[in-house]
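Coordinates as given in input-v7.txt (compact mmCIF, C-alpha atoms and all ligand atoms):
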# COMPACT_ATOMS: atom_id res chain seq x y z
CA MET A 26 -56.93 -44.15 5.03
CA ALA A 27 -58.15 -44.21 1.44
CA ASP A 28 -57.43 -40.94 -0.37
CA THR A 29 -60.84 -40.47 -1.96
CA LEU A 30 -60.31 -36.77 -2.62
CA GLY A 31 -56.98 -37.55 -4.32
CA MET A 32 -58.72 -40.16 -6.45
CA ALA A 33 -61.39 -37.65 -7.53
CA THR A 34 -58.70 -35.05 -8.31
CA GLN A 35 -56.78 -37.57 -10.41
CA LEU A 36 -59.86 -38.63 -12.35
CA ALA A 37 -60.88 -35.03 -12.99
CA GLY A 38 -57.36 -34.11 -14.12
CA ASN A 39 -57.23 -37.08 -16.49
CA ALA A 40 -60.65 -36.23 -17.91
CA VAL A 41 -59.67 -32.61 -18.53
CA ARG A 42 -56.36 -33.61 -20.14
CA PHE A 43 -58.12 -36.17 -22.32
CA GLY A 44 -60.71 -33.63 -23.49
CA TRP A 45 -58.09 -30.96 -24.17
CA TYR A 46 -55.60 -33.16 -26.02
CA SER A 47 -58.35 -34.87 -28.04
CA GLY A 48 -59.24 -31.39 -29.28
CA VAL A 49 -55.58 -30.58 -30.03
CA ASN A 50 -55.20 -33.95 -31.81
CA TRP A 51 -58.24 -33.20 -33.99
CA LEU A 52 -56.98 -29.69 -34.81
CA LEU A 53 -53.47 -30.93 -35.60
CA ASN A 54 -54.81 -33.60 -37.98
CA ARG A 55 -57.11 -31.07 -39.65
CA GLU A 56 -54.22 -28.65 -40.12
CA ALA A 57 -52.03 -31.48 -41.44
CA ARG A 58 -54.67 -32.34 -44.07
CA ARG A 59 -54.98 -28.66 -45.01
CA LEU A 60 -51.21 -28.56 -45.52
CA GLY A 61 -51.44 -31.52 -47.89
CA ASN A 62 -50.46 -34.39 -45.63
CA ARG A 63 -50.87 -37.58 -47.65
CA PRO A 64 -53.84 -39.81 -46.77
CA ARG A 65 -53.62 -42.14 -43.81
CA TYR A 66 -52.01 -45.53 -44.34
CA THR A 67 -54.53 -48.38 -44.28
CA PRO A 68 -53.09 -51.30 -42.29
CA THR A 69 -53.63 -54.89 -43.40
CA ARG A 70 -53.92 -56.10 -39.80
CA PRO A 71 -56.97 -55.47 -37.58
CA VAL A 72 -57.44 -52.18 -35.76
CA PRO A 73 -59.62 -51.54 -32.70
CA SER A 74 -62.76 -49.44 -32.95
CA ASP A 75 -62.73 -45.95 -31.44
CA ALA A 76 -65.18 -47.25 -28.81
CA GLU A 77 -62.76 -50.04 -27.81
CA LEU A 78 -59.84 -47.59 -27.57
CA MET A 79 -61.86 -45.15 -25.48
CA ALA A 80 -63.09 -47.92 -23.16
CA ASP A 81 -59.50 -49.02 -22.61
CA LEU A 82 -58.41 -45.47 -21.92
CA ARG A 83 -61.25 -45.05 -19.41
CA ALA A 84 -60.15 -48.24 -17.64
CA LEU A 85 -56.56 -46.91 -17.51
CA PHE A 86 -57.73 -43.61 -16.01
CA LEU A 87 -59.72 -45.52 -13.38
CA ARG A 88 -56.70 -47.67 -12.47
CA ASP A 89 -54.57 -44.52 -12.18
CA ALA A 90 -57.13 -42.92 -9.85
CA ALA A 91 -57.46 -46.13 -7.81
CA ALA A 92 -53.66 -46.16 -7.31
CA VAL A 93 -53.91 -42.63 -5.87
CA ARG A 94 -56.77 -43.73 -3.59
CA GLU A 95 -54.60 -46.62 -2.34
CA GLY A 96 -51.76 -44.19 -1.63
CA LEU A 97 -49.36 -45.74 -4.17
CA TYR A 98 -48.56 -42.26 -5.45
CA PRO A 99 -49.91 -38.69 -5.07
CA PRO A 100 -52.20 -36.98 -7.61
CA ALA A 101 -50.37 -35.62 -10.67
CA GLU A 102 -49.42 -31.96 -10.57
CA PRO A 103 -49.43 -29.73 -13.66
CA VAL A 104 -46.02 -28.66 -14.98
CA GLY A 105 -45.50 -24.98 -15.90
CA THR A 106 -48.07 -22.28 -16.54
CA ILE A 107 -50.91 -22.10 -19.05
CA ALA A 108 -48.87 -19.49 -20.94
CA ASP A 109 -45.96 -22.00 -21.21
CA HIS A 110 -48.37 -24.63 -22.47
CA MET A 111 -49.88 -22.34 -25.10
CA ARG A 112 -46.36 -21.40 -26.26
CA GLN A 113 -45.48 -25.07 -26.65
CA LEU A 114 -48.68 -25.75 -28.59
CA ARG A 115 -48.02 -22.80 -30.90
CA ALA A 116 -44.47 -24.08 -31.50
CA MET A 117 -45.81 -27.57 -32.30
CA PHE A 118 -48.25 -26.16 -34.86
CA ALA A 119 -45.51 -23.92 -36.29
CA ASP A 120 -43.26 -26.98 -36.83
CA LEU A 121 -46.04 -28.89 -38.64
CA PRO A 122 -45.33 -27.69 -42.24
CA ASP A 123 -41.66 -28.76 -41.95
CA THR A 124 -42.66 -32.07 -40.40
CA ILE A 125 -45.10 -32.76 -43.23
CA ARG A 126 -42.59 -31.74 -45.90
CA ARG A 127 -40.02 -34.08 -44.37
CA ARG A 128 -42.54 -36.92 -44.17
CA ALA A 129 -43.52 -36.46 -47.83
CA ALA A 130 -39.84 -36.47 -48.87
CA ASP A 131 -38.98 -39.29 -46.44
CA ASP A 132 -36.21 -37.02 -45.17
CA ALA A 133 -35.17 -37.55 -41.54
CA GLN A 134 -31.77 -35.89 -41.69
CA SER A 135 -32.14 -32.41 -40.12
CA ALA A 136 -30.56 -33.62 -36.84
CA THR A 137 -27.37 -34.67 -38.64
CA THR A 138 -26.62 -31.02 -39.48
CA LEU A 139 -26.73 -29.78 -35.86
CA PRO A 140 -23.64 -29.10 -33.70
CA GLY A 141 -22.41 -32.19 -31.89
CA ALA A 142 -24.23 -34.63 -34.18
CA ASP A 143 -20.99 -36.21 -35.43
CA GLU A 144 -20.09 -37.25 -31.87
CA LEU A 145 -23.34 -39.18 -31.46
CA PRO A 146 -24.27 -42.64 -32.81
CA ASP A 147 -25.76 -42.67 -36.33
CA TYR A 148 -28.85 -44.55 -35.17
CA TYR A 149 -29.57 -41.62 -32.85
CA THR A 150 -29.04 -38.59 -35.10
CA GLN A 151 -32.26 -38.99 -37.04
CA ASP A 152 -35.44 -36.93 -36.97
CA PHE A 153 -37.51 -39.33 -34.92
CA HIS A 154 -41.23 -38.62 -35.60
CA PHE A 155 -39.95 -36.39 -38.48
CA GLN A 156 -39.49 -33.74 -35.79
CA THR A 157 -37.18 -30.86 -36.72
CA GLY A 158 -33.78 -31.42 -35.11
CA GLY A 159 -34.59 -34.95 -33.88
CA TYR A 160 -33.50 -35.05 -30.23
CA LEU A 161 -30.72 -32.54 -30.79
CA SER A 162 -32.36 -29.12 -30.56
CA ASP A 163 -33.84 -26.95 -27.80
CA ASP A 164 -36.92 -26.32 -29.95
CA SER A 165 -37.55 -30.04 -30.26
CA ALA A 166 -37.15 -30.51 -26.49
CA GLN A 167 -39.69 -27.77 -25.86
CA ILE A 168 -42.43 -29.35 -27.95
CA TYR A 169 -41.73 -33.03 -27.20
CA ASP A 170 -44.15 -33.32 -24.28
CA VAL A 171 -47.12 -31.70 -26.00
CA GLN A 172 -46.45 -33.83 -29.09
CA VAL A 173 -46.47 -37.05 -27.10
CA GLU A 174 -49.56 -36.07 -25.11
CA THR A 175 -51.35 -35.08 -28.34
CA LEU A 176 -50.50 -38.45 -29.90
CA PHE A 177 -51.85 -40.34 -26.86
CA TYR A 178 -54.91 -38.12 -26.17
CA GLY A 179 -53.40 -36.80 -22.94
CA ALA A 180 -52.62 -40.29 -21.61
CA ALA A 181 -48.80 -40.32 -21.89
CA GLY A 182 -48.33 -39.30 -18.26
CA VAL A 183 -50.87 -41.90 -17.12
CA MET A 184 -49.03 -44.63 -19.04
CA ARG A 185 -45.73 -43.57 -17.45
CA ARG A 186 -47.29 -43.60 -13.99
CA ALA A 187 -48.07 -47.30 -14.43
CA ALA A 188 -44.37 -47.80 -13.57
CA LEU A 189 -44.97 -46.36 -10.11
CA LYS A 190 -47.03 -49.37 -9.03
CA PRO A 191 -44.23 -52.00 -9.11
CA ILE A 192 -41.92 -49.36 -7.66
CA ALA A 193 -44.33 -48.81 -4.73
CA GLN A 194 -44.37 -52.57 -4.11
CA PHE A 195 -40.56 -52.67 -4.20
CA MET A 196 -40.20 -49.63 -1.93
CA HIS A 197 -42.51 -51.05 0.74
CA GLY A 198 -40.50 -51.14 3.97
CA ARG A 199 -37.36 -49.62 2.35
CA ASP A 200 -35.65 -46.38 3.28
CA GLN A 201 -35.88 -43.94 0.34
CA ARG A 202 -32.67 -42.23 1.41
CA ASN A 203 -30.66 -45.40 0.79
CA THR A 204 -32.33 -46.25 -2.50
CA VAL A 205 -31.02 -45.20 -5.90
CA LEU A 206 -33.40 -45.01 -8.87
CA LEU A 207 -32.05 -44.51 -12.38
CA ASP A 208 -34.38 -43.54 -15.24
CA VAL A 209 -32.65 -44.64 -18.45
CA ALA A 210 -33.37 -42.26 -21.36
CA CYS A 211 -35.26 -39.91 -19.05
CA GLY A 212 -35.88 -37.37 -21.84
CA THR A 213 -37.59 -34.24 -20.55
CA GLY A 214 -37.88 -35.73 -17.06
CA ARG A 215 -41.63 -36.19 -16.89
CA PHE A 216 -41.35 -39.57 -15.18
CA LEU A 217 -38.59 -38.39 -12.83
CA ARG A 218 -40.93 -35.62 -11.74
CA GLU A 219 -43.60 -38.18 -10.81
CA VAL A 220 -40.95 -40.21 -8.98
CA ARG A 221 -39.77 -37.13 -7.10
CA LEU A 222 -43.33 -36.19 -6.06
CA ALA A 223 -43.94 -39.73 -4.78
CA TYR A 224 -40.49 -40.21 -3.17
CA PRO A 225 -39.02 -36.86 -2.09
CA ALA A 226 -35.93 -38.43 -0.45
CA LEU A 227 -35.09 -41.07 -3.06
CA ARG A 228 -31.66 -40.78 -4.68
CA ALA A 229 -33.07 -40.20 -8.15
CA LYS A 230 -30.94 -40.05 -11.30
CA GLY A 231 -31.67 -39.81 -14.99
CA ILE A 232 -29.50 -40.44 -18.01
CA ASP A 233 -30.13 -39.31 -21.56
CA LEU A 234 -28.04 -38.68 -24.65
CA SER A 235 -29.73 -35.36 -25.40
CA GLN A 236 -28.37 -32.29 -23.61
CA ALA A 237 -31.34 -30.26 -24.89
CA TYR A 238 -33.83 -32.73 -23.40
CA LEU A 239 -31.95 -32.81 -20.10
CA ASP A 240 -32.01 -29.00 -19.95
CA GLU A 241 -35.78 -29.20 -20.37
CA ALA A 242 -35.89 -31.89 -17.65
CA GLN A 243 -33.99 -29.58 -15.33
CA ARG A 244 -36.69 -26.93 -15.83
CA HIS A 245 -39.45 -29.46 -15.05
CA LEU A 246 -37.70 -30.57 -11.89
CA SER A 247 -36.38 -27.21 -10.71
CA GLU A 248 -38.72 -26.61 -7.76
CA LEU A 249 -38.27 -30.14 -6.38
CA ARG A 250 -35.38 -31.73 -4.47
CA PRO A 251 -32.43 -32.19 -6.84
CA VAL A 252 -32.30 -35.10 -9.25
CA GLU A 253 -28.93 -36.01 -10.78
CA LEU A 254 -29.13 -35.69 -14.56
CA ILE A 255 -26.36 -37.40 -16.53
CA THR A 256 -25.64 -36.67 -20.18
CA GLY A 257 -24.56 -40.01 -21.57
CA ASN A 258 -25.23 -43.06 -23.66
CA ALA A 259 -27.31 -45.82 -22.10
CA GLU A 260 -25.01 -48.29 -23.87
CA LYS A 261 -22.28 -47.25 -21.43
CA ILE A 262 -23.88 -46.00 -18.21
CA PRO A 263 -21.27 -44.13 -16.15
CA LEU A 264 -22.25 -45.79 -12.87
CA ALA A 265 -20.56 -48.57 -10.89
CA ASP A 266 -21.63 -52.21 -11.09
CA GLU A 267 -24.46 -53.07 -8.69
CA SER A 268 -25.00 -49.46 -7.56
CA VAL A 269 -28.70 -49.01 -8.38
CA GLU A 270 -31.77 -50.49 -6.65
CA VAL A 271 -34.39 -49.46 -9.25
CA ALA A 272 -33.91 -48.86 -12.98
CA THR A 273 -36.69 -47.68 -15.26
CA SER A 274 -36.87 -47.18 -18.99
CA ILE A 275 -39.86 -45.63 -20.68
CA PHE A 276 -40.48 -45.36 -24.43
CA LEU A 277 -36.79 -45.97 -25.27
CA TYR A 278 -36.48 -49.48 -26.65
CA HIS A 279 -38.61 -48.97 -29.79
CA GLU A 280 -36.13 -46.26 -30.88
CA LEU A 281 -33.05 -48.50 -30.67
CA PRO A 282 -31.64 -50.98 -33.19
CA GLY A 283 -31.91 -54.59 -31.95
CA GLU A 284 -28.22 -54.95 -31.01
CA VAL A 285 -28.26 -51.61 -29.14
CA ARG A 286 -31.36 -52.76 -27.22
CA ARG A 287 -29.29 -55.69 -26.00
CA ARG A 288 -26.31 -53.56 -25.02
CA VAL A 289 -28.56 -51.18 -23.07
CA THR A 290 -30.24 -54.12 -21.33
CA ALA A 291 -26.83 -55.54 -20.36
CA GLU A 292 -25.88 -52.14 -18.92
CA ILE A 293 -29.09 -51.90 -16.91
CA ALA A 294 -28.47 -55.40 -15.55
CA ARG A 295 -24.85 -54.49 -14.73
CA VAL A 296 -25.70 -51.38 -12.68
CA LEU A 297 -28.61 -53.04 -10.84
CA LYS A 298 -27.90 -54.58 -7.46
CA PRO A 299 -28.85 -58.25 -7.07
CA GLY A 300 -32.55 -58.27 -6.15
CA GLY A 301 -32.93 -54.85 -7.84
CA LEU A 302 -35.99 -53.91 -9.88
CA PHE A 303 -36.19 -53.00 -13.56
CA VAL A 304 -39.44 -51.46 -14.79
CA PHE A 305 -39.88 -51.31 -18.54
CA ILE A 306 -42.57 -49.41 -20.42
CA ASP A 307 -42.80 -49.22 -24.17
CA SER A 308 -45.18 -49.80 -27.03
CA LEU A 309 -47.30 -52.91 -27.29
CA GLN A 310 -45.75 -55.56 -29.55
CA MET A 311 -47.38 -57.56 -32.32
CA GLY A 312 -49.73 -60.17 -30.87
CA ASP A 313 -49.97 -58.54 -27.43
CA ARG A 314 -53.46 -57.40 -28.37
CA PRO A 315 -54.05 -59.07 -31.73
CA GLY A 316 -57.01 -56.82 -32.56
CA TRP A 317 -54.73 -53.76 -32.24
CA ASP A 318 -51.85 -55.01 -34.45
CA GLY A 319 -52.90 -52.68 -37.29
CA LEU A 320 -52.08 -49.66 -35.12
CA LEU A 321 -48.54 -50.99 -34.62
CA GLU A 322 -48.25 -51.57 -38.36
CA ALA A 323 -49.34 -48.00 -39.18
CA PHE A 324 -47.29 -46.17 -36.53
CA PRO A 325 -43.83 -46.32 -38.22
CA VAL A 326 -45.39 -45.38 -41.56
CA ARG A 327 -46.82 -42.12 -40.20
CA PHE A 328 -43.88 -41.27 -37.93
CA HIS A 329 -40.18 -41.73 -38.59
CA GLU A 330 -39.48 -44.70 -36.32
CA PRO A 331 -36.79 -46.71 -38.12
CA TYR A 332 -36.45 -49.46 -35.50
CA TYR A 333 -40.09 -49.82 -34.49
CA ALA A 334 -40.97 -52.70 -36.83
CA HIS A 335 -38.05 -54.73 -35.46
CA TYR A 336 -39.01 -53.80 -31.90
CA ALA A 337 -42.62 -54.85 -32.52
CA THR A 338 -41.57 -58.48 -33.04
CA ASP A 339 -38.42 -58.60 -30.92
CA ASN A 340 -38.21 -61.25 -28.20
CA LEU A 341 -37.99 -59.03 -25.12
CA ASP A 342 -38.46 -61.91 -22.68
CA ASP A 343 -35.45 -63.68 -24.12
CA MET A 344 -33.42 -60.45 -24.14
CA PHE A 345 -34.15 -59.63 -20.48
CA THR A 346 -33.73 -63.23 -19.31
CA SER A 347 -30.38 -63.54 -21.12
CA ALA A 348 -29.20 -60.41 -19.25
CA GLY A 349 -29.87 -62.11 -15.89
CA LEU A 350 -33.31 -60.67 -15.15
CA THR A 351 -36.33 -62.66 -14.04
CA PRO A 352 -39.96 -61.66 -14.70
CA LEU A 353 -42.19 -60.33 -11.94
CA THR A 354 -45.28 -58.76 -13.51
CA SER A 355 -46.57 -57.75 -16.92
CA SER A 356 -49.62 -55.73 -17.91
CA PHE A 357 -50.93 -53.39 -20.59
CA ALA A 358 -51.53 -49.67 -20.19
CA PHE A 359 -53.49 -48.52 -23.27
CA LEU A 360 -50.94 -48.59 -26.15
CA SER A 361 -48.04 -49.60 -23.95
CA LYS A 362 -46.89 -52.61 -21.98
CA VAL A 363 -45.49 -52.43 -18.49
CA MET A 364 -43.11 -55.12 -17.29
CA ALA A 365 -41.33 -55.48 -13.97
CA TRP A 366 -38.17 -57.61 -13.79
CA ARG A 367 -35.85 -58.47 -10.95
CA LYS A 368 -32.12 -58.95 -11.17
CA LEU A 369 -31.19 -62.42 -9.95
C1 LIG A 401 -39.22 -41.39 -26.99
S1 LIG A 401 -38.11 -40.55 -25.96
C2 LIG A 401 -38.62 -41.09 -24.33
C3 LIG A 401 -38.22 -40.12 -23.26
C4 LIG A 401 -38.82 -40.36 -21.88
N1 LIG A 401 -38.37 -41.59 -21.29
C5 LIG A 401 -40.32 -40.28 -21.88
O1 LIG A 401 -40.95 -41.05 -21.17
O2 LIG A 401 -40.88 -39.42 -22.56
C6 LIG A 401 -36.62 -41.42 -26.20
C7 LIG A 401 -35.47 -40.83 -25.40
O3 LIG A 401 -34.39 -41.73 -25.49
C8 LIG A 401 -33.19 -40.98 -25.57
N2 LIG A 401 -32.17 -41.89 -26.12
C9 LIG A 401 -32.20 -42.56 -27.30
N3 LIG A 401 -31.11 -43.33 -27.44
C10 LIG A 401 -30.38 -43.17 -26.30
C11 LIG A 401 -29.16 -43.71 -25.83
N4 LIG A 401 -28.46 -44.59 -26.56
N5 LIG A 401 -28.72 -43.34 -24.62
C12 LIG A 401 -29.40 -42.45 -23.87
N6 LIG A 401 -30.57 -41.91 -24.26
C13 LIG A 401 -31.06 -42.26 -25.46
C14 LIG A 401 -33.57 -39.79 -26.44
O4 LIG A 401 -32.66 -38.73 -26.29
C15 LIG A 401 -34.97 -39.48 -25.91
O5 LIG A 401 -34.90 -38.57 -24.84

Structure encoded using C-alpha cells:
Amino acid sequence: MADTLGMATQLAGNAVRFGWYSGVNWLLNREARRLGNRPRYTPTRPVPSDAELMADLRALFLRDAAAVREGLYPPAEPVGTIADHMRQLRAMFADLPDTIRRRAADDAQSATTLPGADELPDYYTQDFHFQTGGYLSDDSAQIYDVQVETLFYGAAGVMRRAALKPIAQFMHGRDQRNTVLLDVACGTGRFLREVRLAYPALRAKGIDLSQAYLDEAQRHLSELRPVELITGNAEKIPLADESVEVATSIFLYHELPGEVRRRVTAEIARVLKPGGLFVFIDSLQMGDRPGWDGLLEAFPVRFHEPYYAHYATDNLDDMFTSAGLTPLTSSFAFLSKVMAWRKL
C-alpha cells in the first residue's frame, strides 16, 4: 500500500529543513562579510539562476518523498535534540573567524599539528573546507553535519538518500541478515543511519580514517542496532576479498588525489562479491550540467578542496570499468551525481 502519510511527512520535513538551513546559510554569509571575508569569486563558466537551482531542489525533494510513498525507505528521522543542534550551530559560527583568517592566508595546515597527524597520509591532513582541525578534531566532527547541510540548503541528507534507491532494487528478494553493506568514508555516519532505519537487520559496516568522525557516528547510531565502525584507510580496507554485497561511497572521491581515487576503487572492487553493488555519490563533474559548470569552478576557490579540480574532470567511467565494475544506472541529485555499478 502506498505510504501517503510517510510521503507527506518527508515533504514537510524537507521543506522545514530547507527553510531553516537557507536562513542559516544567509546568516553565515552575512557574518562572513562582516568579518571581512573577501568578495565572492566570479566564475568564467556559466552558473544557474537561483530559480533553476530551487526548481531542481524542489524536484529532488519530490523524488525523495515519492520514494517514501513507494516504500523504498522510511521517512527521515531527526538526529539529536534541538539543544544539540543549537550547540552545533553556535560552534560553527564560533569557528567562522578562524576559517576566514585561514582562507585569507591560504593556510590549511592546522590539522598537521594535531596528535596522530604524522601517522596519516599527507593528502589527508589538511584543513578541508578551511575547517579548524581538518578531519582530525572532535570539534570539527561536531560541526561537520551542520556545515554540510548549511552549504546545501538542508539537502545533504536528501542527496545521500538517493543511494537508497539502487540499494532497494538490489535488496529486493534478498535476506538482510546475510547481506553485508560497507559505507566507505562513512564520516559522521549520517548515511549509515538511513541504511539502518531502512534495513534493521543488514550487516552494516562503515570505514573512515577519522577516529573523531567515527566517534560522532557512534553517537548518531547509538539507539539503533549496532553498526561495525572501522578506523582505517580506504586504500587498504581490512576486509577479505569478495566479502561485501553492497559498497557505498558518498562525498569521498573529490577529496582524494587521482591515484588514491584509483587505489580506493580497486579496494572497493576487491572486497565486493561478484554481482555485488557499488553506489557512488559525489559532486557533479564538468559538463554533467554544462550550465552549472561555474559552480564547480568556484567551489574549490571558496573552500579548501585541493583535489576537486582534478576530480571535476576525472574519467570516473574509465576508472570504475578498469576496476572490473560495470555501469547500472546514473542520475543527478541537485549538485551531486549518483551512480550504481555492479562487480562483474
Ligand atoms: C566529505 S566527508 C564525507 C563523509 C560522509 N560520507 C558523508 O556523506 O558526509 C569525507 C570523509 O572521507 C574520509 N576520508 C578521506 N580520505 C579517506 C581515506 N583515505 N580513507 C578513509 N576515509 C577517508 C574523511 O575522514 C571524511 O570523513

Go through A:Thr290, A:Gln310, A:Asn258, A:Thr351 and flag the residue nearest ligand LIG 401 (chain A), using only C-alpha atoms and all ligand atoms for the distances.
->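 Smallest separation from ligand LIG 401 (chain A) among the options: A:Asn258.
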
In the coordinate frame of the file, compute which residues have an atom within 12 Å of (-53.9, -48.8, -3.6) when using only C-alpha atoms, and state them as a CSV table (one decimal) with C-alpha atoms, in the coordinates of the input.
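Below is the file result-v3.csv, written as the result:
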chain,number,residue,atom,x,y,z
A,26,MET,CA,-56.9,-44.2,5.0
A,27,ALA,CA,-58.2,-44.2,1.4
A,28,ASP,CA,-57.4,-40.9,-0.4
A,29,THR,CA,-60.8,-40.5,-2.0
A,31,GLY,CA,-57.0,-37.6,-4.3
A,32,MET,CA,-58.7,-40.2,-6.4
A,87,LEU,CA,-59.7,-45.5,-13.4
A,88,ARG,CA,-56.7,-47.7,-12.5
A,89,ASP,CA,-54.6,-44.5,-12.2
A,90,ALA,CA,-57.1,-42.9,-9.8
A,91,ALA,CA,-57.5,-46.1,-7.8
A,92,ALA,CA,-53.7,-46.2,-7.3
A,93,VAL,CA,-53.9,-42.6,-5.9
A,94,ARG,CA,-56.8,-43.7,-3.6
A,95,GLU,CA,-54.6,-46.6,-2.3
A,96,GLY,CA,-51.8,-44.2,-1.6
A,97,LEU,CA,-49.4,-45.7,-4.2
A,98,TYR,CA,-48.6,-42.3,-5.4
A,99,PRO,CA,-49.9,-38.7,-5.1
A,189,LEU,CA,-45.0,-46.4,-10.1
A,190,LYS,CA,-47.0,-49.4,-9.0
A,191,PRO,CA,-44.2,-52.0,-9.1
A,193,ALA,CA,-44.3,-48.8,-4.7
A,194,GLN,CA,-44.4,-52.6,-4.1

Using all atoms listed in the file, find each residue of chain A with at least one atom at most 8 Å away from an atom of ligand LIG 401 (chain A); report its shortest atom-to-atom pair and that distance in Å (one decimal), sort the rows by chain and rising residue number, and return the result as CSV.
residue,atom,partner,partner_atom,distance
A:Pro146,CA,A:LIG401,N4,7.8
A:Tyr149,CA,A:LIG401,N3,5.9
A:Tyr160,CA,A:LIG401,O4,5.5
A:Leu161,CA,A:LIG401,O4,7.9
A:Tyr169,CA,A:LIG401,O2,7.9
A:Asp170,CA,A:LIG401,O2,7.1
A:Val173,CA,A:LIG401,O2,7.6
A:Ala181,CA,A:LIG401,O1,7.9
A:Arg185,CA,A:LIG401,O1,6.6
A:Asp208,CA,A:LIG401,N1,7.5
A:Val209,CA,A:LIG401,C12,6.7
A:Ala210,CA,A:LIG401,N6,4.0
A:Cys211,CA,A:LIG401,N1,4.2
A:Gly212,CA,A:LIG401,O5,3.4
A:Thr213,CA,A:LIG401,C4,6.4
A:Gly214,CA,A:LIG401,C4,6.7
A:Arg215,CA,A:LIG401,O1,6.5
A:Phe216,CA,A:LIG401,O1,6.2
A:Ile232,CA,A:LIG401,C12,6.2
A:Asp233,CA,A:LIG401,N6,3.8
A:Leu234,CA,A:LIG401,C12,4.1
A:Ser235,CA,A:LIG401,O4,4.6
A:Tyr238,CA,A:LIG401,O5,6.1
A:Thr256,CA,A:LIG401,C12,7.8
A:Gly257,CA,A:LIG401,C12,5.9
A:Asn258,CA,A:LIG401,N5,3.6
A:Ala259,CA,A:LIG401,N5,3.8
A:Glu260,CA,A:LIG401,N4,5.7
A:Ser274,CA,A:LIG401,N1,6.2
A:Ile275,CA,A:LIG401,N1,4.3
A:Phe276,CA,A:LIG401,C2,4.7
A:Leu277,CA,A:LIG401,C6,4.6
A:Glu280,CA,A:LIG401,C9,6.5
A:Leu281,CA,A:LIG401,N3,6.4
A:Val285,CA,A:LIG401,N4,7.5
A:Val289,CA,A:LIG401,N4,7.5

Taking all atoms of region 38-41 of chain A that the file lists and extending 5 Å past them on each side, where is the centre of the axis-aligned box and how long are its edges? Answer in Å to one decimal, as lines of an AutoDock Vina configuration file.
center_x = -58.9
center_y = -34.8
center_z = -16.3
size_x = 13.4
size_y = 14.5
size_z = 14.4

Distance table requested - region 138-235 of chain A against region 316-330 of chain A, cut-off 12 Å, all atoms listed in the file: one row per qualifying residue with the closest atom pair and its distance in Å to one decimal, ordered by chain and rising residue number, as CSV.
residue,atom,partner,partner_atom,distance
A:Tyr148,CA,A:Glu330,CA,10.7
A:Tyr149,CA,A:Glu330,CA,10.9
A:Gln151,CA,A:His329,CA,8.5
A:Asp152,CA,A:His329,CA,6.9
A:Phe153,CA,A:His329,CA,5.1
A:His154,CA,A:Phe328,CA,4.4
A:Phe155,CA,A:His329,CA,5.3
A:Gln156,CA,A:His329,CA,8.5
A:Thr157,CA,A:His329,CA,11.4
A:Gly159,CA,A:His329,CA,10.0
A:Gln172,CA,A:Phe328,CA,11.8
A:Val173,CA,A:Phe328,CA,11.9
A:Leu176,CA,A:Phe324,CA,10.7

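Of the residues listed (A:Gln201, A:Thr150, A:Ser361, A:Ser356), A:Ser361 shows the shortest atom-to-atom separation from His279 (chain A); distances use only C-alpha atoms.
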
Selection: 10 Å around Leu78 (chain A), only C-alpha atoms, excl. self and same-chain fewer than 6 positions, as an NGL selection string | :A and (72 or 84 or 317 or 359-360)

From the list A:His335, A:Arg42, A:Arg288, A:Arg58, which residue is nearest Phe86 (chain A) when using only C-alpha atoms?
-> A:Arg42

Do a neighbour search on Ala101 (chain A) at 8 Å with all atoms listed in the file, toss out local chain neighbours closer than 2 positions, and write the hits as a VMD selection string.
-> chain A and resid 35 38 99 103 219

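As for CA of Ala334 (chain A) and CA of Met311 (chain A), they are spaced 9.2 Å apart.
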
Have a look at A:Arg70, A:His110, A:Arg228, A:Arg221 and name the one nearest to Pro315 (chain A); count only C-alpha atoms.
-> A:Arg70

Show which residues sit within 8 Å of region 49-51 of chain A, as a VMD selection string. Count all atoms listed in the file, and ignore same-chain residues fewer than 4 positions away.
-> chain A and resid 45 55 175 to 176 178

Using all atoms listed in the file, what residues lie at most 12 Å away from (-46.9, -27.0, -9.2) (file coordinates), given as a list in words?
->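 Checked against the point, the hits come out as Pro100, Ala101, Glu102, Pro103, Val104, Gly105, Thr106, Ile107, Arg218, Glu219, Leu222, His245, Leu246, Ser247, Glu248 and Leu249 of chain A.
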
Given the choices A:Ala188, A:Arg287, A:Ala76, A:Leu145, which gets closest to Asp343 (chain A) if the distance is worked out from only C-alpha atoms?
->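 For Asp343 (chain A), the nearest of the given residues is A:Arg287.
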
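We find CA of Val171 (chain A) and CA of Ser135 (chain A) to be spaced 20.6 Å apart.
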